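Novice: So here's query.cif, just mmCIF, C-alpha atoms and all ligand atoms:
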```cif
data_run
#
loop_
_atom_site.label_atom_id
_atom_site.label_comp_id
_atom_site.auth_asym_id
_atom_site.auth_seq_id
_atom_site.Cartn_x
_atom_site.Cartn_y
_atom_site.Cartn_z
CA MET A 1 4.49 -19.34 15.68
CA LYS A 2 4.15 -19.74 11.92
CA GLU A 3 4.50 -16.34 10.34
CA ILE A 4 1.65 -15.55 7.96
CA LEU A 5 3.36 -12.45 6.60
CA LYS A 6 6.95 -12.36 5.43
CA ARG A 7 8.63 -8.98 5.76
CA TYR A 8 10.50 -7.63 2.74
CA GLU A 9 14.15 -8.10 3.68
CA ALA A 10 15.11 -4.61 2.42
CA ASN A 11 12.44 -2.85 4.51
CA PRO A 12 11.58 -0.01 4.81
CA VAL A 13 10.40 0.63 1.25
CA LEU A 14 10.38 4.37 2.03
CA THR A 15 12.32 6.30 4.66
CA PRO A 16 12.28 10.04 5.37
CA GLU A 17 15.59 10.36 3.46
CA ASP A 18 13.86 9.12 0.28
CA MET A 19 11.43 12.05 0.25
CA PRO A 20 11.98 15.18 -1.87
CA PHE A 21 11.89 17.58 1.09
CA GLN A 22 13.23 17.71 4.64
CA CYS A 23 11.09 14.92 5.95
CA VAL A 24 11.10 13.35 9.43
CA ALA A 25 8.56 10.56 8.92
CA VAL A 26 6.88 8.74 6.03
CA TYR A 27 4.34 6.02 6.78
CA ASN A 28 0.76 4.64 6.72
CA GLY A 29 0.51 4.48 2.93
CA GLY A 30 -2.53 3.38 0.95
CA ALA A 31 -1.66 1.27 -2.10
CA VAL A 32 -2.97 0.28 -5.50
CA LYS A 33 -1.69 -1.44 -8.63
CA LEU A 34 -2.93 0.12 -11.85
CA GLY A 35 -1.75 -1.77 -14.91
CA ASP A 36 1.89 -2.46 -14.14
CA GLU A 37 2.38 0.57 -11.89
CA TYR A 38 2.26 0.31 -8.11
CA ILE A 39 1.25 3.51 -6.35
CA LEU A 40 1.68 4.24 -2.68
CA LEU A 41 -0.01 7.25 -1.12
CA VAL A 42 1.94 8.00 2.03
CA ARG A 43 1.70 10.33 4.96
CA ALA A 44 4.89 12.40 5.04
CA GLU A 45 5.78 14.90 7.73
CA ASP A 46 8.08 17.91 7.69
CA THR A 47 10.23 19.16 10.57
CA THR A 48 7.20 20.90 12.10
CA LYS A 49 5.30 17.55 11.93
CA PHE A 50 2.91 19.07 9.39
CA GLN A 51 1.53 16.25 7.27
CA TYR A 52 1.46 15.97 3.48
CA VAL A 53 0.14 13.21 1.27
CA TYR A 54 2.66 12.11 -1.35
CA ALA A 55 2.29 9.58 -4.16
CA ALA A 56 5.26 7.27 -4.73
CA ARG A 57 5.44 5.08 -7.82
CA SER A 58 7.07 1.75 -8.61
CA ARG A 59 7.32 -0.83 -11.39
CA ASP A 60 8.01 -3.79 -9.08
CA GLY A 61 6.23 -2.98 -5.80
CA TYR A 62 9.54 -2.83 -3.92
CA HIS A 63 11.38 0.25 -5.18
CA PHE A 64 9.37 3.45 -5.00
CA THR A 65 10.09 6.94 -6.30
CA PRO A 66 8.09 9.71 -4.63
CA ASP A 67 6.54 12.42 -6.79
CA PRO A 68 8.37 15.76 -6.52
CA GLU A 69 5.28 17.52 -5.11
CA PRO A 70 2.60 16.43 -2.64
CA LEU A 71 -0.89 15.49 -3.77
CA ARG A 72 -2.96 18.66 -4.02
CA PHE A 73 -6.54 18.48 -2.77
CA VAL A 74 -8.91 20.80 -4.61
CA ALA A 75 -12.44 21.73 -3.59
CA GLU A 76 -15.20 23.85 -5.09
CA ASP A 77 -15.30 25.87 -1.87
CA GLU A 78 -11.63 26.04 -0.87
CA GLY A 79 -12.37 28.12 2.25
CA ASP A 80 -14.85 25.61 3.60
CA TYR A 81 -12.51 22.72 2.72
CA ARG A 82 -9.53 24.30 4.52
CA LYS A 83 -11.72 24.84 7.59
CA TYR A 84 -11.69 21.07 8.19
CA THR A 85 -8.22 20.15 6.91
CA ALA A 86 -6.06 23.11 7.91
CA ASP A 87 -3.95 21.22 10.44
CA ALA A 88 -3.62 17.74 8.92
CA PHE A 89 -4.78 15.21 6.38
CA TYR A 90 -3.40 11.76 6.99
CA ASP A 91 -3.55 7.95 6.70
CA PRO A 92 -4.91 7.88 3.11
CA ARG A 93 -6.46 4.70 1.74
CA ILE A 94 -6.90 4.09 -1.99
CA ASN A 95 -10.29 2.56 -2.80
CA LEU A 96 -11.12 1.35 -6.33
CA VAL A 97 -14.88 1.73 -6.44
CA ASP A 98 -16.86 1.04 -9.61
CA GLY A 99 -13.87 2.10 -11.73
CA ARG A 100 -13.25 5.30 -9.75
CA ILE A 101 -10.20 5.98 -7.56
CA LEU A 102 -11.47 7.25 -4.22
CA ILE A 103 -9.14 8.38 -1.46
CA THR A 104 -10.37 8.17 2.11
CA TYR A 105 -8.32 9.96 4.74
CA ALA A 106 -8.42 11.62 8.14
CA ALA A 107 -9.05 15.39 7.97
CA TYR A 108 -8.04 17.28 11.07
CA THR A 109 -8.12 20.72 12.63
CA PHE A 110 -7.29 21.69 16.19
CA GLN A 111 -10.57 23.57 16.37
CA TYR A 112 -12.98 20.96 15.00
CA GLY A 113 -11.22 17.65 15.51
CA CYS A 114 -10.90 14.72 13.16
CA ARG A 115 -13.29 13.57 10.45
CA ILE A 116 -13.21 11.40 7.35
CA GLY A 117 -12.54 12.99 3.99
CA ILE A 118 -13.37 11.46 0.60
CA ALA A 119 -11.69 12.71 -2.57
CA GLU A 120 -11.39 11.40 -6.12
CA THR A 121 -8.23 11.31 -8.20
CA ALA A 122 -7.20 10.19 -11.66
CA ASP A 123 -3.47 10.91 -11.58
CA PHE A 124 -2.48 11.13 -7.89
CA LYS A 125 -1.29 14.69 -8.54
CA THR A 126 -4.58 16.37 -7.67
CA ALA A 127 -7.62 14.99 -5.87
CA LYS A 128 -11.06 16.56 -5.99
CA HIS A 129 -12.85 16.82 -2.67
CA ILE A 130 -16.17 14.95 -2.60
CA SER A 131 -17.40 15.01 0.99
CA PHE A 132 -16.73 14.80 4.69
CA PRO A 133 -18.94 11.87 5.75
CA HIS A 134 -20.33 11.98 9.26
CA HIS A 135 -19.38 14.56 11.83
CA ILE A 136 -16.20 14.81 13.88
CA SER A 137 -14.38 12.02 15.72
CA ASN A 138 -14.34 9.53 12.89
CA ARG A 139 -11.50 8.08 10.82
CA ASN A 140 -9.97 4.87 9.39
CA ALA A 141 -12.48 4.69 6.54
CA VAL A 142 -12.39 2.23 3.65
CA ILE A 143 -15.01 1.84 0.91
CA PHE A 144 -16.13 -1.46 -0.64
CA PRO A 145 -15.23 -1.82 -4.34
CA GLN A 146 -18.84 -2.46 -5.35
CA LYS A 147 -22.23 -1.11 -4.37
CA PHE A 148 -24.75 -3.19 -2.40
CA ASP A 149 -28.38 -2.67 -3.47
CA GLY A 150 -27.28 0.50 -5.23
CA MET A 151 -25.55 1.90 -2.15
CA TYR A 152 -21.90 2.64 -1.41
CA VAL A 153 -20.73 0.95 1.79
CA MET A 154 -17.98 2.20 4.08
CA LEU A 155 -16.24 0.87 7.18
CA HIS A 156 -15.07 3.49 9.67
CA ARG A 157 -14.09 3.94 13.27
CA PRO A 158 -15.81 6.56 15.40
CA GLU A 159 -14.08 7.88 18.50
CA ALA A 160 -15.28 9.81 21.53
CA TYR A 161 -18.07 7.68 23.05
CA ASP A 162 -17.20 4.65 20.96
CA ASN A 163 -13.46 4.54 20.92
CA GLY A 164 -12.44 1.31 19.32
CA ASN A 165 -14.97 -0.61 17.23
CA ILE A 166 -15.48 -0.83 13.46
CA TRP A 167 -18.76 0.62 12.22
CA ILE A 168 -20.40 0.34 8.80
CA SER A 169 -22.62 2.82 6.99
CA ARG A 170 -24.23 3.28 3.57
CA SER A 171 -24.65 6.10 1.09
CA PRO A 172 -26.52 6.58 -2.19
CA ASP A 173 -24.08 9.22 -3.46
CA LEU A 174 -20.89 9.36 -1.30
CA HIS A 175 -22.28 12.52 0.37
CA PHE A 176 -25.11 11.38 2.61
CA TRP A 177 -24.15 8.52 4.91
CA GLY A 178 -26.42 6.67 7.30
CA ASP A 179 -27.68 3.33 8.65
CA CYS A 180 -24.55 3.34 10.86
CA ARG A 181 -24.07 0.26 12.98
CA VAL A 182 -21.27 -1.60 14.70
CA VAL A 183 -19.93 -4.47 12.60
CA VAL A 184 -16.79 -5.54 14.50
CA ASN A 185 -16.32 -5.15 18.22
CA ARG A 186 -12.89 -4.85 19.68
CA GLY A 187 -11.93 -8.23 21.10
CA SER A 188 -12.02 -9.61 24.55
CA TYR A 189 -8.45 -10.87 24.36
CA ARG A 190 -5.58 -8.61 25.13
CA TRP A 191 -4.15 -8.12 21.63
CA ASP A 192 -7.23 -6.30 20.27
CA ALA A 193 -8.94 -5.27 23.50
CA LYS A 194 -8.34 -1.54 23.21
CA LYS A 195 -9.26 -0.77 19.57
CA ILE A 196 -9.80 -2.39 16.21
CA GLY A 197 -9.93 -0.41 12.96
CA ALA A 198 -10.17 -1.15 9.24
CA GLY A 199 -6.75 -0.94 7.64
CA THR A 200 -7.02 -1.95 3.98
CA PRO A 201 -9.97 -1.66 1.56
CA PRO A 202 -12.08 -4.85 1.39
CA VAL A 203 -10.97 -7.59 -1.03
CA LYS A 204 -13.44 -10.21 -2.28
CA THR A 205 -12.50 -13.83 -1.48
CA ASP A 206 -14.47 -17.09 -1.62
CA ARG A 207 -15.05 -16.92 2.14
CA GLY A 208 -16.06 -13.28 2.38
CA TRP A 209 -14.73 -9.72 2.19
CA LEU A 210 -11.21 -9.70 3.59
CA VAL A 211 -10.06 -6.61 5.47
CA LEU A 212 -6.72 -6.24 7.23
CA THR A 213 -7.06 -4.37 10.50
CA HIS A 214 -4.98 -2.60 13.07
CA ALA A 215 -5.59 -3.92 16.57
CA VAL A 216 -4.47 -2.14 19.69
CA THR A 217 -3.66 -3.15 23.22
CA THR A 218 -2.02 -1.15 25.99
CA SER A 219 0.83 -1.70 28.40
CA CYS A 220 2.80 0.42 30.85
CA ALA A 221 4.76 1.56 27.77
CA GLY A 222 1.65 2.83 25.94
CA HIS A 223 -0.28 1.64 22.90
CA TYR A 224 0.88 -1.49 21.04
CA TYR A 225 -0.39 -1.75 17.43
CA THR A 226 -0.53 -5.12 15.66
CA MET A 227 -2.14 -6.31 12.41
CA GLY A 228 -5.16 -8.59 12.24
CA ALA A 229 -7.70 -9.76 9.64
CA ILE A 230 -11.48 -9.97 9.47
CA LEU A 231 -14.00 -11.46 7.04
CA LEU A 232 -17.40 -9.90 6.31
CA ASP A 233 -20.31 -11.63 4.61
CA LEU A 234 -20.15 -11.45 0.81
CA ASP A 235 -23.79 -10.45 0.34
CA ASP A 236 -24.37 -8.57 3.57
CA PRO A 237 -21.17 -6.91 4.81
CA THR A 238 -22.88 -5.82 8.01
CA VAL A 239 -22.34 -9.42 9.16
CA LEU A 240 -18.97 -10.47 10.60
CA ARG A 241 -18.09 -13.99 9.40
CA GLY A 242 -14.59 -14.46 10.78
CA ARG A 243 -11.61 -12.85 12.46
CA SER A 244 -8.00 -13.80 13.08
CA ASP A 245 -7.55 -15.47 16.42
CA GLY A 246 -4.51 -13.36 17.17
CA CYS A 247 -2.40 -10.84 15.31
CA ILE A 248 -0.82 -11.79 11.97
CA LEU A 249 2.03 -9.27 12.31
CA TYR A 250 3.37 -7.63 15.43
CA PRO A 251 6.18 -5.12 16.07
CA LYS A 252 9.43 -7.05 16.07
CA MET A 253 11.99 -5.39 13.81
CA PRO A 254 13.94 -2.30 14.99
CA TYR A 255 12.08 -0.11 12.45
CA GLU A 256 8.76 -1.22 14.01
CA CYS A 257 9.82 -1.01 17.66
CA SER A 258 11.62 2.30 17.58
CA GLY A 259 10.53 5.55 15.98
CA PHE A 260 8.21 8.49 16.61
CA VAL A 261 5.63 6.09 18.12
CA PRO A 262 7.34 2.83 19.10
CA ASN A 263 5.68 -0.57 18.65
CA VAL A 264 3.34 0.19 15.76
CA VAL A 265 2.51 -1.76 12.61
CA PHE A 266 -0.38 -0.03 10.80
CA PRO A 267 -1.64 -1.48 7.47
CA CYS A 268 -3.29 0.85 4.95
CA GLY A 269 -2.53 -0.82 1.59
CA LEU A 270 -3.06 -4.27 0.10
CA VAL A 271 -2.22 -5.27 -3.48
CA VAL A 272 -3.44 -8.65 -4.73
CA GLU A 273 -1.37 -10.06 -7.58
CA PRO A 274 -2.93 -12.22 -10.34
CA ASP A 275 -1.58 -15.38 -8.62
CA HIS A 276 -3.25 -14.34 -5.34
CA ARG A 277 0.06 -13.44 -3.70
CA VAL A 278 -0.38 -10.22 -1.74
CA LYS A 279 1.75 -7.22 -0.89
CA VAL A 280 0.76 -5.56 2.37
CA TYR A 281 2.01 -2.01 2.85
CA TYR A 282 2.12 -0.79 6.41
CA GLY A 283 3.44 2.06 8.50
CA ALA A 284 6.08 1.16 11.09
CA ALA A 285 6.52 3.12 14.33
CA ASP A 286 4.91 6.20 12.71
CA ASN A 287 8.21 6.69 10.92
CA PHE A 288 8.70 4.33 7.97
CA GLU A 289 6.75 2.72 5.14
CA CYS A 290 7.19 -1.07 5.00
CA LEU A 291 6.13 -4.12 3.04
CA ALA A 292 5.27 -7.69 4.00
CA GLU A 293 4.17 -10.46 1.64
CA SER A 294 1.82 -13.40 1.87
CA SER A 295 -1.05 -14.94 -0.08
CA ILE A 296 -4.81 -14.67 0.22
CA ASP A 297 -4.94 -18.35 1.25
CA GLU A 298 -2.32 -17.95 3.98
CA ILE A 299 -4.15 -14.97 5.45
CA LEU A 300 -7.48 -16.80 5.27
CA SER A 301 -5.92 -19.74 7.13
CA ALA A 302 -5.46 -17.45 10.16
CA ILE A 303 -9.15 -16.52 10.25
CA VAL A 304 -11.59 -18.52 12.35
CA ASP A 305 -15.33 -18.46 11.72
CA VAL A 306 -17.48 -16.32 13.98
CA LYS A 307 -20.62 -18.20 14.98
C1 LIG A 401 -3.53 6.05 15.31
C2 LIG A 401 -3.38 6.96 14.09
C3 LIG A 401 -2.31 6.39 13.18
C4 LIG A 401 -1.05 6.06 13.94
C5 LIG A 401 -1.36 5.22 15.15
C6 LIG A 401 -0.14 4.93 16.00
O1 LIG A 401 -4.42 6.59 16.24
O2 LIG A 401 -3.00 8.26 14.49
O3 LIG A 401 -2.04 7.36 12.21
O4 LIG A 401 -0.16 5.34 13.10
O5 LIG A 401 -2.31 5.89 15.95
O6 LIG A 401 0.40 6.11 16.52
#
```
Let me see the file written as structure tokens.
Specialist:
Amino acid sequence: MKEILKRYEANPVLTPEDMPFQCVAVYNGGAVKLGDEYILLVRAEDTTKFQYVYAARSRDGYHFTPDPEPLRFVAEDEGDYRKYTADAFYDPRINLVDGRILITYAAYTFQYGCRIGIAETADFKTAKHISFPHHISNRNAVIFPQKFDGMYVMLHRPEAYDNGNIWISRSPDLHFWGDCRVVVNRGSYRWDAKKIGAGTPPVKTDRGWLVLTHAVTTSCAGHYYTMGAILLDLDDPTVLRGRSDGCILYPKMPYECSGFVPNVVFPCGLVVEPDHRVKVYYGAADNFECLAESSIDEILSAIVDVK
């Protein structure tokens, strides 16, 4: 099989030992390039498995230095905010939306379950809470970089009754979200038959909005997470235009096959360079932060039109 994505030979780009505290896992990082600085926003866990969000910075996209302190989320009503995030905030994505830096993440408490959080940052040191869209049992949210008919548009993945398809919804103000509908069904083939979720924020291409996904199948050994790609219509992103026929990256290297959760590649960050080469940042085995490279054209070549 021709490999669409080429792994960085010095993977992982971040290991627990790189972090400025006693860390057991660092993974599932959102990514952005601002000027000539690459920023990863990673999920980092301490020895109790409590999760922090850390920014790590780089000049070349390969060598990252984590900030000394985790990102601090601030809210007007701290008590209410903590009520929904007390036990975890994880899998952050960095969305550049109309010139603003919006972080989408999973907010979790044992009591109330998991929901999406949206926060805004300017420096990746603090992030101001904006909203918790939708109710519980929702995560894997990414926001389109532009509005459609004056509305923000978000992809997300509800759980509970619908455990595995990508939904889309709209908002006039990032607070009130509605018009929810399914936009991508999990597949009928084995590789994506269990779940499909948005991984990286949408990128505009000639053929449509490109989103890298995680796709899940199961075996006797448990869940098996691979990476796929979808294309949504440029004018109406509620329409699926294409999807990769199979996965474009699957667990193969020791750091992907062995860790806290074996057999996981989980993309959350995509940086497009001026020459259309891309850097895909992904979590491996819920333990390490990794990088694979490709180009927009190579990824598009794996996507077949949906009739
Ligand atoms: C998903 C999320 C991810 C994780 C993946 C594999 O449900 O929890 O954060 O990487 O499972 O364990």
Novice: Fewer than 5 positions away in the same chain doesn't count, so skip those; otherwise give me all residues within 9 Å of Pro158 in chain A, counting only C-alpha atoms, as a ChimeraX atom specification.
Specialist: /A:115,136-140,163-167
Novice: Hey, which residues sit close to ligand LIG 401 (chain A)? Say within 7 Å, counting all atoms listed in the file, and write them as a PyMOL selection string.
Specialist: chain A and resi 28+90-91+225+261+264+266+283+286
Novice: Suppose you want the space between CA of Thr109 in chain A and CA of His135 in chain A; what is it in Å?
Specialist: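 Straight-line distance from CA of Thr109 in chain A to CA of His135 in chain A works out to 12.9 Å.
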Novice: Taking into account only C-alpha atoms, which residue in the set A:Gly269, A:Pro92, A:Pro66, A:Pro254 is nearest to Pro201 in chain A?
Specialist: A:Gly269
Novice: With all atoms listed in the file as the atoms that count, which of A:Arg181, A:Arg7, A:Arg43, A:Lys83 lies nearest to Tyr62 in chain A?
Specialist: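 Going through A:Arg181, A:Arg7, A:Arg43, A:Lys83 one by one, the smallest distance to Tyr62 in chain A is for A:Arg7.
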Novice: Taking into account all atoms listed in the file, which residue in the set A:Val271, A:Ile248, A:Ala106, A:Ala31 is nearest to Ala302 in chain A?
Specialist: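 Answer, going by the shortest atom-to-atom distance: A:Ile248.
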Novice: Name all residues at most 9 Å from Ala86 in chain A (count all atoms listed in the file; drop same-chain ones fewer than 4 positions away) and give them as a list in words.
Specialist: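 So, after excluding close chain neighbours, the residues are Tyr81, Arg82, Ala107, Tyr108, Thr109 and Phe110 of chain A.
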Novice: In Å, rounded to a single decimal, give me how far CA of Cys290 in chain A is from CA of Pro20 in chain A.
Specialist: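 CA of Cys290 in chain A lies 18.3 Å from CA of Pro20 in chain A.
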Novice: In Å, rounded to a single decimal, give me how far CA of Leu300 in chain A is from CA of Cys180 in chain A.
Specialist: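 Taking CA of Cys180 in chain A as the start and CA of Leu300 in chain A as the end point, the length is 27.0 Å.
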Novice: Find, counting all atoms listed in the file, the residue in A:Val182, A:Val97, A:Ala141, A:Cys220 that gets nearest to Ala198 in chain A.
Specialist: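 Nearest to Ala198 in chain A: A:Ala141.
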Novice: Using all atoms listed in the file, which residues sit within 10 Å of Met227 in chain A once same-chain residues fewer than 6 positions away are excluded, as a count of residues only?
Specialist: 22
Novice: Since the input is missing atoms, can you rebuild N, CA and C atoms for range 119-134 of chain A and write them as a PDB file, keeping the file's coordinate frame?
Specialist:
```pdb
ATOM      1  N   ALA A 119     -12.084  11.931  -1.386  1.00  0.00           N
ATOM      2  CA  ALA A 119     -11.690  12.710  -2.570  1.00  0.00           C
ATOM      3  C   ALA A 119     -11.496  11.731  -3.725  1.00  0.00           C
ATOM      4  N   GLU A 120     -11.573  12.252  -4.945  1.00  0.00           N
ATOM      5  CA  GLU A 120     -11.390  11.400  -6.120  1.00  0.00           C
ATOM      6  C   GLU A 120     -10.179  11.886  -6.907  1.00  0.00           C
ATOM      7  N   THR A 121      -9.388  10.930  -7.385  1.00  0.00           N
ATOM      8  CA  THR A 121      -8.230  11.310  -8.200  1.00  0.00           C
ATOM      9  C   THR A 121      -8.189  10.469  -9.471  1.00  0.00           C
ATOM     10  N   ALA A 122      -7.445  10.982 -10.455  1.00  0.00           N
ATOM     11  CA  ALA A 122      -7.200  10.190 -11.660  1.00  0.00           C
ATOM     12  C   ALA A 122      -5.707   9.987 -11.838  1.00  0.00           C
ATOM     13  N   ASP A 123      -4.917  10.943 -11.309  1.00  0.00           N
ATOM     14  CA  ASP A 123      -3.470  10.910 -11.580  1.00  0.00           C
ATOM     15  C   ASP A 123      -2.605  10.964 -10.317  1.00  0.00           C
ATOM     16  N   PHE A 124      -3.202  11.039  -9.166  1.00  0.00           N
ATOM     17  CA  PHE A 124      -2.480  11.130  -7.890  1.00  0.00           C
ATOM     18  C   PHE A 124      -1.650  12.413  -7.780  1.00  0.00           C
ATOM     19  N   LYS A 125      -1.926  13.374  -8.672  1.00  0.00           N
ATOM     20  CA  LYS A 125      -1.290  14.690  -8.540  1.00  0.00           C
ATOM     21  C   LYS A 125      -2.271  15.665  -7.891  1.00  0.00           C
ATOM     22  N   THR A 126      -3.529  15.598  -8.338  1.00  0.00           N
ATOM     23  CA  THR A 126      -4.580  16.370  -7.670  1.00  0.00           C
ATOM     24  C   THR A 126      -5.710  15.419  -7.308  1.00  0.00           C
ATOM     25  N   ALA A 127      -6.455  15.786  -6.276  1.00  0.00           N
ATOM     26  CA  ALA A 127      -7.620  14.990  -5.870  1.00  0.00           C
ATOM     27  C   ALA A 127      -8.758  15.965  -5.594  1.00  0.00           C
ATOM     28  N   LYS A 128      -9.922  15.652  -6.130  1.00  0.00           N
ATOM     29  CA  LYS A 128     -11.060  16.560  -5.990  1.00  0.00           C
ATOM     30  C   LYS A 128     -11.876  16.148  -4.770  1.00  0.00           C
ATOM     31  N   HIS A 129     -12.075  17.091  -3.884  1.00  0.00           N
ATOM     32  CA  HIS A 129     -12.850  16.820  -2.670  1.00  0.00           C
ATOM     33  C   HIS A 129     -14.281  16.423  -3.020  1.00  0.00           C
ATOM     34  N   ILE A 130     -14.770  15.348  -2.400  1.00  0.00           N
ATOM     35  CA  ILE A 130     -16.170  14.950  -2.600  1.00  0.00           C
ATOM     36  C   ILE A 130     -16.991  15.284  -1.356  1.00  0.00           C
ATOM     37  N   SER A 131     -16.566  14.781  -0.208  1.00  0.00           N
ATOM     38  CA  SER A 131     -17.400  15.010   0.990  1.00  0.00           C
ATOM     39  C   SER A 131     -16.613  14.722   2.259  1.00  0.00           C
ATOM     40  N   PHE A 132     -17.195  15.174   3.357  1.00  0.00           N
ATOM     41  CA  PHE A 132     -16.730  14.800   4.690  1.00  0.00           C
ATOM     42  C   PHE A 132     -17.864  13.989   5.344  1.00  0.00           C
ATOM     43  N   PRO A 133     -17.852  12.665   5.181  1.00  0.00           N
ATOM     44  CA  PRO A 133     -18.940  11.870   5.750  1.00  0.00           C
ATOM     45  C   PRO A 133     -18.970  11.981   7.266  1.00  0.00           C
ATOM     46  N   HIS A 134     -20.144  11.959   7.807  1.00  0.00           N
ATOM     47  CA  HIS A 134     -20.330  11.980   9.260  1.00  0.00           C
ATOM     48  C   HIS A 134     -19.755  13.257   9.869  1.00  0.00           C
TER      49      HIS A 134
END
```
